[in-house]
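Structure record follows, encoded as structure tokens.
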Amino acid sequence: MSNTQHLQDFTTQVRRDILRMVHAVNSGHPGGSLGCAEFFTVLYQHQMKRNPSFTMDGIGEDLFFLSNGHISPVFYSVLARSGYFPVSELATFRKLNSRLQGHPTTHEGLPGVRMASGSLGQGLSVAIGAALAKKLNGDAHLVYSLHGDGELQEGQNWEAIMYASAKKVDNIIATIDYNGQQIDGATEDVLSLGNLKAKFEAFDWDVLEITEGNNIEAIIAGMAEAKNRTGKGKPVCVLLHTVMGHGVDFMMHTHAWHGKAPNDDQLAIGLAQNTETLGDY
Amino acid sequence: MMTNWLSGWHKILKLWETTRIMKKYTNTGSKDTRSGFGAGMTELGQKNENVVALCADLIGSLKFDDFKKNHPERFFQIGIAEANMIGIAAGLTIGGKIPFTGTFANFSTGRVYDQIRQSVAYSDKNVKICASHAGLTLGEDGATHQILEDIGLMKMLPGMTVINTCDYNQTKAATIALAEHHGPAYLRFGRPVVPNFTPADEPFVIGKAILLNEGTDVTIIATGHLVWEALLAAEALEAKGISAEVINIHTIKPLDEAAILKSVAKTGCVVTAEEHNILGGLGESVARVLALNHPKPQEFVAVQDSFGESGTPEQLMDKYKLNHQAIEAAVEKVMKRK
């Protein structure tokens, strides 16, 4: 057993949670959620320095902001299984009177969430603000954020990207979920991002790529390197190459499952490919 | 020649109106409300280390110079990127900062509505959105910069406090009061030099109306630059034997419903006055309160659902009927409907 087996098991259980959550309400976004399961697992179970109890201000710990809020299933599953709220609450996802809204929000007081997201392109600005607050507070911890690649079509991102480098916000690691897919198809066809690495570098960010974005050990190594590059005068960008729908064979390499739930038969197939590890909710 | 003579006479008349000593309120020296904001920020910078300021390339216009000079580490020049400014402000609250953003009212609201909606209001972030150059009195820049819809946009957001101050002293006091208030807020003020008449030591209580003049025949409810005009109207009306009660609503949300209902129960009719579109402004908020509790005739002094245009502030307030003459006419009209 490799020393990352526990993280692999965690990821597999998160995939089961994602499939069961979206299936139960016949709505939600499984594709991007499945593709980011390894990243969230590494972030919350390995990378980030987290306080045991949640406070909105997050003084003395690393912070994470999810900008592409539609992949809430993976966020909620990892938060619950990291102890922020009961795992049983995952059963309320997208239901009336739930804290687990379709897109993440602070409005219902769900521990682990510091900012509403869903309307795209706003998370990087918020993460930069939180990073600036950390600097003002003399808090040496880092701010992490995740963004969809298609989300970078929103102009506010580029205001934020320009700001972060110009003002030397070097305590932030912004990760791009570089799966090449968005609702209407491949990003290349919808609105090409061109050379994304060159774009970030032209904006004077320190960019590194994790080419195996669904490989836990590759993510651990990549994020460790990203952390090493903080504090050197430049914001850090991680281009995380993932496969949308990863871990469920018929959902992989397509935008078709961006925002579509599996039916009963499809759920059974998906769960069979991800056998229970930590116990279903 | 005739035009010049009239224009000169108009200026003298205006000077007299803005400098004369009224019975109850004295203009202690005309100033712009934005300078009241700047003075408030200067004071906050000294007494609250959690207060931070953000500006989108309008430091001079927003009177941020002192704050920037005295607290460079707490001042963030964002550049011409208002959406990013709102987001960064929201993020700064995480860690206990109290951000005050500053730009023109149009760029503070309409341009960044969804950023405010999601990252500030829905996320319940303690951001103070401070907006100068609101309304027609921005003047010559014209309609691209003269937002007349901002009160409506902001008051529709759940949890958003909306304040429109009337003079320098009130703007300074409101700015300082906002730092002690937890939650998202919109503070609206302006560019022109206007009478400064509220007492410098008057405490600013968010959500509390100020009764400026007691009367029995009509209630005039005014906000922002129209408050002084309402006082001028009340004096002119008194000379005609009409007793006008004047209420300054500086906080449009939450609205001091009790003060409005108490006054209208006495007078039986109301005129609202604001430098805003008739749709979505203070007048509609007052109308809702009356409709739900105590329906009475109401007239609206406001912009009649149009954009503004270039001109001097005085010309614009005259053309769009946002002055004491318009308030007096509205009073005479509403009293006939009692």
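Ligands are numbered from 1 in the order shown, chains are lettered A, B, ... in the order of the structure tokens, and residues start at 1 in each chain.
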
Residue neighbourhood region 78-93 of chain A, 6 Å, only C-alpha atoms, exclusion window fewer than 3 positions, as a VMD selection string
chain A and resid 75 98 100 111 281

Please identify all polymer residues within 10 Å of region 42-48 of chain A, counting only C-alpha atoms, omitting same-chain residues fewer than 3 positions from it, and present them as a PyMOL selection string.
chain A and resi 4+6-8+10-11+37-39+51+61-64+75+78-79+81-82+141-144+216-217+219-220+223-224+227

Write the residues of the preceding selection, restricted to N, CA, C and O atoms, as a short mmCIF file (atom, residue, chain, number, x, y, z; two decimals), in the first residue's frame.
```cif
data_model
loop_
_atom_site.label_atom_id
_atom_site.label_comp_id
_atom_site.auth_asym_id
_atom_site.auth_seq_id
_atom_site.Cartn_x
_atom_site.Cartn_y
_atom_site.Cartn_z
N THR A 4 0.05 7.08 0.01
CA THR A 4 -1.07 7.96 -0.35
C THR A 4 -2.37 7.18 -0.50
O THR A 4 -3.36 7.71 -0.98
N HIS A 6 -4.51 6.27 1.68
CA HIS A 6 -5.63 6.87 2.42
C HIS A 6 -6.24 8.05 1.65
O HIS A 6 -7.44 8.29 1.69
N LEU A 7 -5.38 8.75 0.92
CA LEU A 7 -5.91 9.85 0.10
C LEU A 7 -6.68 9.31 -1.10
O LEU A 7 -7.70 9.88 -1.51
N GLN A 8 -6.19 8.21 -1.63
CA GLN A 8 -6.90 7.58 -2.75
C GLN A 8 -8.27 7.09 -2.29
O GLN A 8 -9.28 7.28 -2.99
N PHE A 10 -9.99 8.24 0.19
CA PHE A 10 -10.80 9.44 0.45
C PHE A 10 -11.41 9.93 -0.88
O PHE A 10 -12.60 10.22 -0.96
N THR A 11 -10.58 9.98 -1.91
CA THR A 11 -11.02 10.46 -3.22
C THR A 11 -12.13 9.57 -3.78
O THR A 11 -13.12 10.07 -4.34
N ALA A 37 -11.70 15.84 -7.82
CA ALA A 37 -11.75 15.09 -6.55
C ALA A 37 -10.36 14.93 -5.94
O ALA A 37 -10.17 15.09 -4.73
N GLU A 38 -9.37 14.59 -6.75
CA GLU A 38 -8.01 14.42 -6.22
C GLU A 38 -7.47 15.75 -5.69
O GLU A 38 -6.84 15.80 -4.63
N PHE A 39 -7.71 16.83 -6.43
CA PHE A 39 -7.18 18.14 -6.02
C PHE A 39 -7.75 18.54 -4.67
O PHE A 39 -7.00 18.95 -3.76
N ASN A 51 -7.22 25.18 10.83
CA ASN A 51 -7.60 25.13 12.25
C ASN A 51 -8.71 24.10 12.42
O ASN A 51 -9.50 23.88 11.50
N GLU A 61 -4.57 30.37 9.69
CA GLU A 61 -4.71 29.14 8.89
C GLU A 61 -4.74 29.51 7.41
O GLU A 61 -4.94 30.68 7.05
N ASP A 62 -4.52 28.49 6.57
CA ASP A 62 -4.66 28.70 5.13
C ASP A 62 -6.15 28.80 4.79
O ASP A 62 -6.99 28.21 5.47
N LEU A 63 -6.45 29.51 3.73
CA LEU A 63 -7.84 29.67 3.29
C LEU A 63 -7.99 29.14 1.87
O LEU A 63 -7.04 29.14 1.09
N PHE A 64 -9.22 28.70 1.57
CA PHE A 64 -9.51 28.26 0.20
C PHE A 64 -10.78 28.93 -0.29
O PHE A 64 -11.77 29.02 0.44
N PHE A 75 -16.83 20.03 -3.37
CA PHE A 75 -16.51 20.92 -2.25
C PHE A 75 -17.22 20.45 -0.98
O PHE A 75 -16.61 20.28 0.08
N VAL A 78 -15.90 17.01 0.37
CA VAL A 78 -14.59 17.11 1.02
C VAL A 78 -14.69 17.91 2.33
O VAL A 78 -14.06 17.55 3.33
N LEU A 79 -15.51 18.96 2.34
CA LEU A 79 -15.69 19.71 3.60
C LEU A 79 -16.29 18.81 4.68
O LEU A 79 -15.82 18.80 5.82
N ARG A 81 -16.30 15.54 4.89
CA ARG A 81 -15.40 14.44 5.29
C ARG A 81 -14.11 14.97 5.90
O ARG A 81 -13.30 14.19 6.42
N SER A 82 -13.93 16.31 5.87
CA SER A 82 -12.81 16.92 6.60
C SER A 82 -13.27 17.47 7.94
O SER A 82 -12.49 18.14 8.64
N HIS A 141 0.07 32.66 6.66
CA HIS A 141 -0.58 31.55 5.96
C HIS A 141 -1.00 31.96 4.55
O HIS A 141 -1.04 33.14 4.21
N LEU A 142 -1.35 30.95 3.75
CA LEU A 142 -1.59 31.17 2.32
C LEU A 142 -3.08 31.17 1.99
O LEU A 142 -3.91 30.65 2.75
N VAL A 143 -3.37 31.74 0.84
CA VAL A 143 -4.73 31.71 0.29
C VAL A 143 -4.71 30.91 -1.00
O VAL A 143 -3.92 31.20 -1.90
N TYR A 144 -5.55 29.88 -1.05
CA TYR A 144 -5.69 29.04 -2.24
C TYR A 144 -7.03 29.36 -2.91
O TYR A 144 -8.01 29.71 -2.25
N ILE A 216 -2.77 11.70 -7.51
CA ILE A 216 -2.58 12.29 -6.19
C ILE A 216 -1.13 12.65 -5.91
O ILE A 216 -0.83 13.75 -5.42
N GLU A 217 -0.22 11.76 -6.26
CA GLU A 217 1.19 12.05 -5.98
C GLU A 217 1.70 13.22 -6.82
O GLU A 217 2.50 14.04 -6.34
N ILE A 219 -0.14 15.71 -7.77
CA ILE A 219 -0.72 16.93 -7.19
C ILE A 219 0.04 17.33 -5.92
O ILE A 219 0.35 18.50 -5.70
N ILE A 220 0.37 16.32 -5.11
CA ILE A 220 1.13 16.61 -3.88
C ILE A 220 2.45 17.29 -4.23
O ILE A 220 2.81 18.33 -3.65
N MET A 223 1.78 20.89 -5.81
CA MET A 223 1.33 21.90 -4.85
C MET A 223 2.44 22.24 -3.85
O MET A 223 2.54 23.38 -3.37
N ALA A 224 3.28 21.27 -3.53
CA ALA A 224 4.42 21.56 -2.66
C ALA A 224 5.37 22.55 -3.35
O ALA A 224 5.87 23.50 -2.73
N LYS A 227 3.81 25.98 -3.32
CA LYS A 227 3.98 26.62 -2.02
C LYS A 227 5.40 27.17 -1.87
O LYS A 227 5.60 28.27 -1.34
#
```

Skipping near chain neighbours, those fewer than 5 positions away, what residues fall within 10 Å of Ala268 (chain A) using only C-alpha atoms, listed as a list in words?
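My reading of the contact set: Leu19, Arg20, Pro262, Asn263, Gln273 and Asn274 of chain A.
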
Here CA of Phe307 (chain B) and CA of Val112 (chain B) stand apart by 19.2 Å

Can you tell me, as a ChimeraX atom specification, what residues are no more than 10 Å from Lys31 (chain B) when counting only C-alpha atoms, ignoring any on the same chain fewer than 3 positions away?
/B:27-28,34-36,167-169,191-196

Save out the residues we just selected, N, CA, C and O atoms, as a PDB file, in the first residue's frame.
```pdb
ATOM      1  N   ASN B  27     -26.768  78.000   7.064  1.00  0.00           N
ATOM      2  CA  ASN B  27     -25.673  77.473   6.259  1.00  0.00           C
ATOM      3  C   ASN B  27     -24.370  78.002   6.842  1.00  0.00           C
ATOM      4  O   ASN B  27     -24.077  79.192   6.762  1.00  0.00           O
ATOM      5  N   THR B  28     -23.614  77.104   7.438  1.00  0.00           N
ATOM      6  CA  THR B  28     -22.381  77.539   8.108  1.00  0.00           C
ATOM      7  C   THR B  28     -21.208  77.636   7.149  1.00  0.00           C
ATOM      8  O   THR B  28     -20.079  77.850   7.584  1.00  0.00           O
ATOM      9  N   ARG B  34     -18.795  65.239  -0.722  1.00  0.00           N
ATOM     10  CA  ARG B  34     -17.669  64.295  -0.847  1.00  0.00           C
ATOM     11  C   ARG B  34     -16.521  64.685   0.081  1.00  0.00           C
ATOM     12  O   ARG B  34     -15.783  63.823   0.548  1.00  0.00           O
ATOM     13  N   SER B  35     -16.372  65.974   0.353  1.00  0.00           N
ATOM     14  CA  SER B  35     -15.328  66.378   1.304  1.00  0.00           C
ATOM     15  C   SER B  35     -15.682  65.938   2.719  1.00  0.00           C
ATOM     16  O   SER B  35     -14.790  65.687   3.538  1.00  0.00           O
ATOM     17  N   GLY B  36     -16.980  65.853   3.000  1.00  0.00           N
ATOM     18  CA  GLY B  36     -17.408  65.293   4.285  1.00  0.00           C
ATOM     19  C   GLY B  36     -17.002  63.831   4.394  1.00  0.00           C
ATOM     20  O   GLY B  36     -16.545  63.370   5.447  1.00  0.00           O
ATOM     21  N   ASP B 167     -25.535  66.928   3.456  1.00  0.00           N
ATOM     22  CA  ASP B 167     -24.534  67.993   3.486  1.00  0.00           C
ATOM     23  C   ASP B 167     -23.207  67.444   4.008  1.00  0.00           C
ATOM     24  O   ASP B 167     -23.082  66.245   4.291  1.00  0.00           O
ATOM     25  N   TYR B 168     -22.241  68.335   4.126  1.00  0.00           N
ATOM     26  CA  TYR B 168     -20.886  67.939   4.553  1.00  0.00           C
ATOM     27  C   TYR B 168     -20.901  67.277   5.922  1.00  0.00           C
ATOM     28  O   TYR B 168     -20.361  66.184   6.109  1.00  0.00           O
ATOM     29  N   ASN B 169     -21.517  67.946   6.892  1.00  0.00           N
ATOM     30  CA  ASN B 169     -21.489  67.403   8.255  1.00  0.00           C
ATOM     31  C   ASN B 169     -22.145  66.032   8.333  1.00  0.00           C
ATOM     32  O   ASN B 169     -21.649  65.129   9.003  1.00  0.00           O
ATOM     33  N   ARG B 191     -20.953  65.731  -5.728  1.00  0.00           N
ATOM     34  CA  ARG B 191     -19.822  66.561  -6.124  1.00  0.00           C
ATOM     35  C   ARG B 191     -20.006  68.046  -5.834  1.00  0.00           C
ATOM     36  O   ARG B 191     -19.042  68.730  -5.471  1.00  0.00           O
ATOM     37  N   PRO B 192     -21.214  68.608  -5.997  1.00  0.00           N
ATOM     38  CA  PRO B 192     -21.313  70.067  -5.941  1.00  0.00           C
ATOM     39  C   PRO B 192     -21.167  70.631  -4.526  1.00  0.00           C
ATOM     40  O   PRO B 192     -21.390  69.932  -3.536  1.00  0.00           O
ATOM     41  N   VAL B 193     -20.797  71.893  -4.480  1.00  0.00           N
ATOM     42  CA  VAL B 193     -20.734  72.617  -3.214  1.00  0.00           C
ATOM     43  C   VAL B 193     -22.155  73.025  -2.846  1.00  0.00           C
ATOM     44  O   VAL B 193     -22.838  73.680  -3.643  1.00  0.00           O
ATOM     45  N   VAL B 194     -22.589  72.600  -1.685  1.00  0.00           N
ATOM     46  CA  VAL B 194     -23.971  72.847  -1.253  1.00  0.00           C
ATOM     47  C   VAL B 194     -23.965  73.342   0.191  1.00  0.00           C
ATOM     48  O   VAL B 194     -22.978  73.165   0.909  1.00  0.00           O
ATOM     49  N   PRO B 195     -25.062  73.951   0.619  1.00  0.00           N
ATOM     50  CA  PRO B 195     -25.104  74.457   2.000  1.00  0.00           C
ATOM     51  C   PRO B 195     -24.809  73.365   3.027  1.00  0.00           C
ATOM     52  O   PRO B 195     -25.263  72.229   2.888  1.00  0.00           O
ATOM     53  N   ASN B 196     -24.043  73.750   4.037  1.00  0.00           N
ATOM     54  CA  ASN B 196     -23.733  72.846   5.150  1.00  0.00           C
ATOM     55  C   ASN B 196     -24.510  73.373   6.344  1.00  0.00           C
ATOM     56  O   ASN B 196     -24.187  74.427   6.877  1.00  0.00           O
TER      57      ASN B 196
END
```

With a cut-off of 12 Å, could you pull out the residues of region 136-225 of chain B touching region 52-64 of chain B and give me the nearest pair of atoms for each, distance in Å to one decimal, using only C-alpha atoms, ordered by chain and ascending number, as a Markdown table?
```
| residue | atom | partner | partner_atom | distance |
| --- | --- | --- | --- | --- |
| B:Leu138 | CA | B:Ser61 | CA | 11.3 |
| B:Lys172 | CA | B:Lys63 | CA | 11.7 |
| B:Ala179 | CA | B:Val52 | CA | 10.3 |
| B:Arg188 | CA | B:Leu62 | CA | 11.6 |
| B:Phe189 | CA | B:Leu62 | CA | 10.0 |
| B:Gly190 | CA | B:Leu62 | CA | 9.5 |
| B:Arg191 | CA | B:Ser61 | CA | 8.2 |
| B:Pro192 | CA | B:Ser61 | CA | 11.3 |
```

Residues of chain B were defined as contacting chain A if any atom lay at most 9 Å from it, counting only C-alpha atoms; please report them as number ranges by chain.
B: 73-74, 78-97, 114-115, 118-120, 122-125

Please produce an output containing C-alpha atoms for each residue in the selection, written as a CSV table (one decimal), in the first residue's frame.
```csv
chain,number,residue,atom,x,y,z
B,73,GLU,CA,-0.5,50.4,4.1
B,74,ARG,CA,-4.3,50.5,4.4
B,78,ILE,CA,-7.0,49.2,-7.5
B,79,GLY,CA,-6.8,51.0,-10.9
B,80,ILE,CA,-9.7,51.3,-13.3
B,81,ALA,CA,-11.2,48.0,-12.4
B,82,GLU,CA,-14.3,48.4,-10.3
B,83,ALA,CA,-15.4,44.7,-10.4
B,84,ASN,CA,-12.0,43.7,-9.0
B,85,MET,CA,-12.3,46.4,-6.3
B,86,ILE,CA,-15.6,45.1,-5.0
B,87,GLY,CA,-14.3,41.6,-4.9
B,88,ILE,CA,-11.1,42.6,-3.2
B,89,ALA,CA,-13.1,44.5,-0.6
B,90,ALA,CA,-15.2,41.5,0.1
B,91,GLY,CA,-12.1,39.4,0.6
B,92,LEU,CA,-10.5,42.0,2.9
B,93,THR,CA,-13.5,41.5,5.3
B,94,ILE,CA,-12.3,38.0,5.8
B,95,GLY,CA,-9.6,38.7,8.4
B,96,GLY,CA,-11.6,41.5,10.1
B,97,LYS,CA,-10.9,44.5,7.9
B,114,ASP,CA,-23.5,41.3,-9.8
B,115,GLN,CA,-20.3,41.6,-7.9
B,118,GLN,CA,-23.0,37.9,-4.9
B,119,SER,CA,-19.7,38.8,-3.2
B,120,VAL,CA,-21.0,41.5,-0.9
B,122,TYR,CA,-25.5,37.6,-0.5
B,123,SER,CA,-22.2,36.8,1.2
B,124,ASP,CA,-23.0,39.3,3.9
B,125,LYS,CA,-19.7,41.0,3.8
```

List as a short mmCIF file (atom, residue, chain, number, x, y, z; two decimals) with N, CA and C atoms, in the first residue's frame the protein and nucleic acid residues near region 243-246 of chain A, meaning an atom at most 6 Å away when only C-alpha atoms are counted, but skip any in the same chain fewer than 6 places from it.
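The file below, result-v7.cif, is the result:
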```
data_model
loop_
_atom_site.label_atom_id
_atom_site.label_comp_id
_atom_site.auth_asym_id
_atom_site.auth_seq_id
_atom_site.Cartn_x
_atom_site.Cartn_y
_atom_site.Cartn_z
N GLY A 31 -19.50 16.55 -13.66
CA GLY A 31 -18.28 16.46 -14.49
C GLY A 31 -17.07 17.12 -13.87
N GLY A 32 -17.18 18.43 -13.62
CA GLY A 32 -16.06 19.16 -13.02
C GLY A 32 -15.78 18.70 -11.61
N LEU A 34 -16.09 15.59 -10.36
CA LEU A 34 -15.31 14.35 -10.42
C LEU A 34 -13.86 14.64 -10.82
N GLY A 35 -13.70 15.56 -11.74
CA GLY A 35 -12.36 15.88 -12.23
C GLY A 35 -11.47 16.52 -11.18
N ASN A 179 -9.45 21.57 -17.71
CA ASN A 179 -10.00 20.36 -18.32
C ASN A 179 -10.45 20.59 -19.76
N MET A 252 -16.11 10.60 -18.85
CA MET A 252 -14.79 11.21 -19.05
C MET A 252 -14.62 11.80 -20.45
N HIS A 253 -13.81 12.83 -20.53
CA HIS A 253 -13.40 13.45 -21.79
C HIS A 253 -14.57 14.04 -22.57
#
```

Taking the backbone alone, and naming residues the way the document does, which bits of region 264-334 of chain B are alpha helix (DSSP H) by DSSP, as a ChimeraX atom specification?
/B:264-267,282-293,313-319,324-334

Produce a file of the selected residues containing C-alpha atoms, as a PDB file, in the first residue's frame.
```
ATOM      1  CA  VAL B 264     -48.429  61.885   7.727  1.00  0.00           C
ATOM      2  CA  ALA B 265     -51.068  60.932  10.288  1.00  0.00           C
ATOM      3  CA  LYS B 266     -50.860  64.561  11.388  1.00  0.00           C
ATOM      4  CA  THR B 267     -50.568  66.312   8.006  1.00  0.00           C
ATOM      5  CA  LEU B 282     -37.129  57.183  -1.773  1.00  0.00           C
ATOM      6  CA  GLY B 283     -40.579  58.187  -3.031  1.00  0.00           C
ATOM      7  CA  GLU B 284     -41.532  54.635  -3.868  1.00  0.00           C
ATOM      8  CA  SER B 285     -40.309  53.442  -0.482  1.00  0.00           C
ATOM      9  CA  VAL B 286     -42.489  56.037   1.229  1.00  0.00           C
ATOM     10  CA  ALA B 287     -45.444  55.123  -0.990  1.00  0.00           C
ATOM     11  CA  ARG B 288     -45.101  51.479   0.025  1.00  0.00           C
ATOM     12  CA  VAL B 289     -45.144  52.370   3.717  1.00  0.00           C
ATOM     13  CA  LEU B 290     -48.228  54.532   3.256  1.00  0.00           C
ATOM     14  CA  ALA B 291     -50.028  51.991   1.072  1.00  0.00           C
ATOM     15  CA  LEU B 292     -49.511  49.258   3.638  1.00  0.00           C
ATOM     16  CA  ASN B 293     -50.432  51.347   6.669  1.00  0.00           C
ATOM     17  CA  PRO B 313     -25.756  71.478 -11.647  1.00  0.00           C
ATOM     18  CA  GLU B 314     -28.048  74.490 -11.219  1.00  0.00           C
ATOM     19  CA  GLN B 315     -29.300  74.298 -14.802  1.00  0.00           C
ATOM     20  CA  LEU B 316     -29.949  70.587 -14.481  1.00  0.00           C
ATOM     21  CA  MET B 317     -31.770  70.819 -11.161  1.00  0.00           C
ATOM     22  CA  ASP B 318     -33.890  73.535 -12.694  1.00  0.00           C
ATOM     23  CA  LYS B 319     -34.612  71.715 -15.949  1.00  0.00           C
ATOM     24  CA  HIS B 324     -37.538  74.240  -3.976  1.00  0.00           C
ATOM     25  CA  GLN B 325     -39.863  75.689  -6.598  1.00  0.00           C
ATOM     26  CA  ALA B 326     -40.745  72.163  -7.718  1.00  0.00           C
ATOM     27  CA  ILE B 327     -41.300  71.120  -4.111  1.00  0.00           C
ATOM     28  CA  GLU B 328     -43.587  74.120  -3.519  1.00  0.00           C
ATOM     29  CA  ALA B 329     -45.601  73.272  -6.635  1.00  0.00           C
ATOM     30  CA  ALA B 330     -45.877  69.647  -5.525  1.00  0.00           C
ATOM     31  CA  VAL B 331     -47.081  70.741  -2.097  1.00  0.00           C
ATOM     32  CA  GLU B 332     -49.812  72.911  -3.565  1.00  0.00           C
ATOM     33  CA  LYS B 333     -50.867  70.040  -5.807  1.00  0.00           C
ATOM     34  CA  VAL B 334     -50.921  67.409  -3.087  1.00  0.00           C
TER      35      VAL B 334
END
```

Pick out the residues sitting within 12 Å of His145 (chain B), and hand them over as a ChimeraX atom specification; count only C-alpha atoms, and ignore anything fewer than 4 positions along from it in its own chain.
/B:103-111,131-141,149-150,190-191,307-310
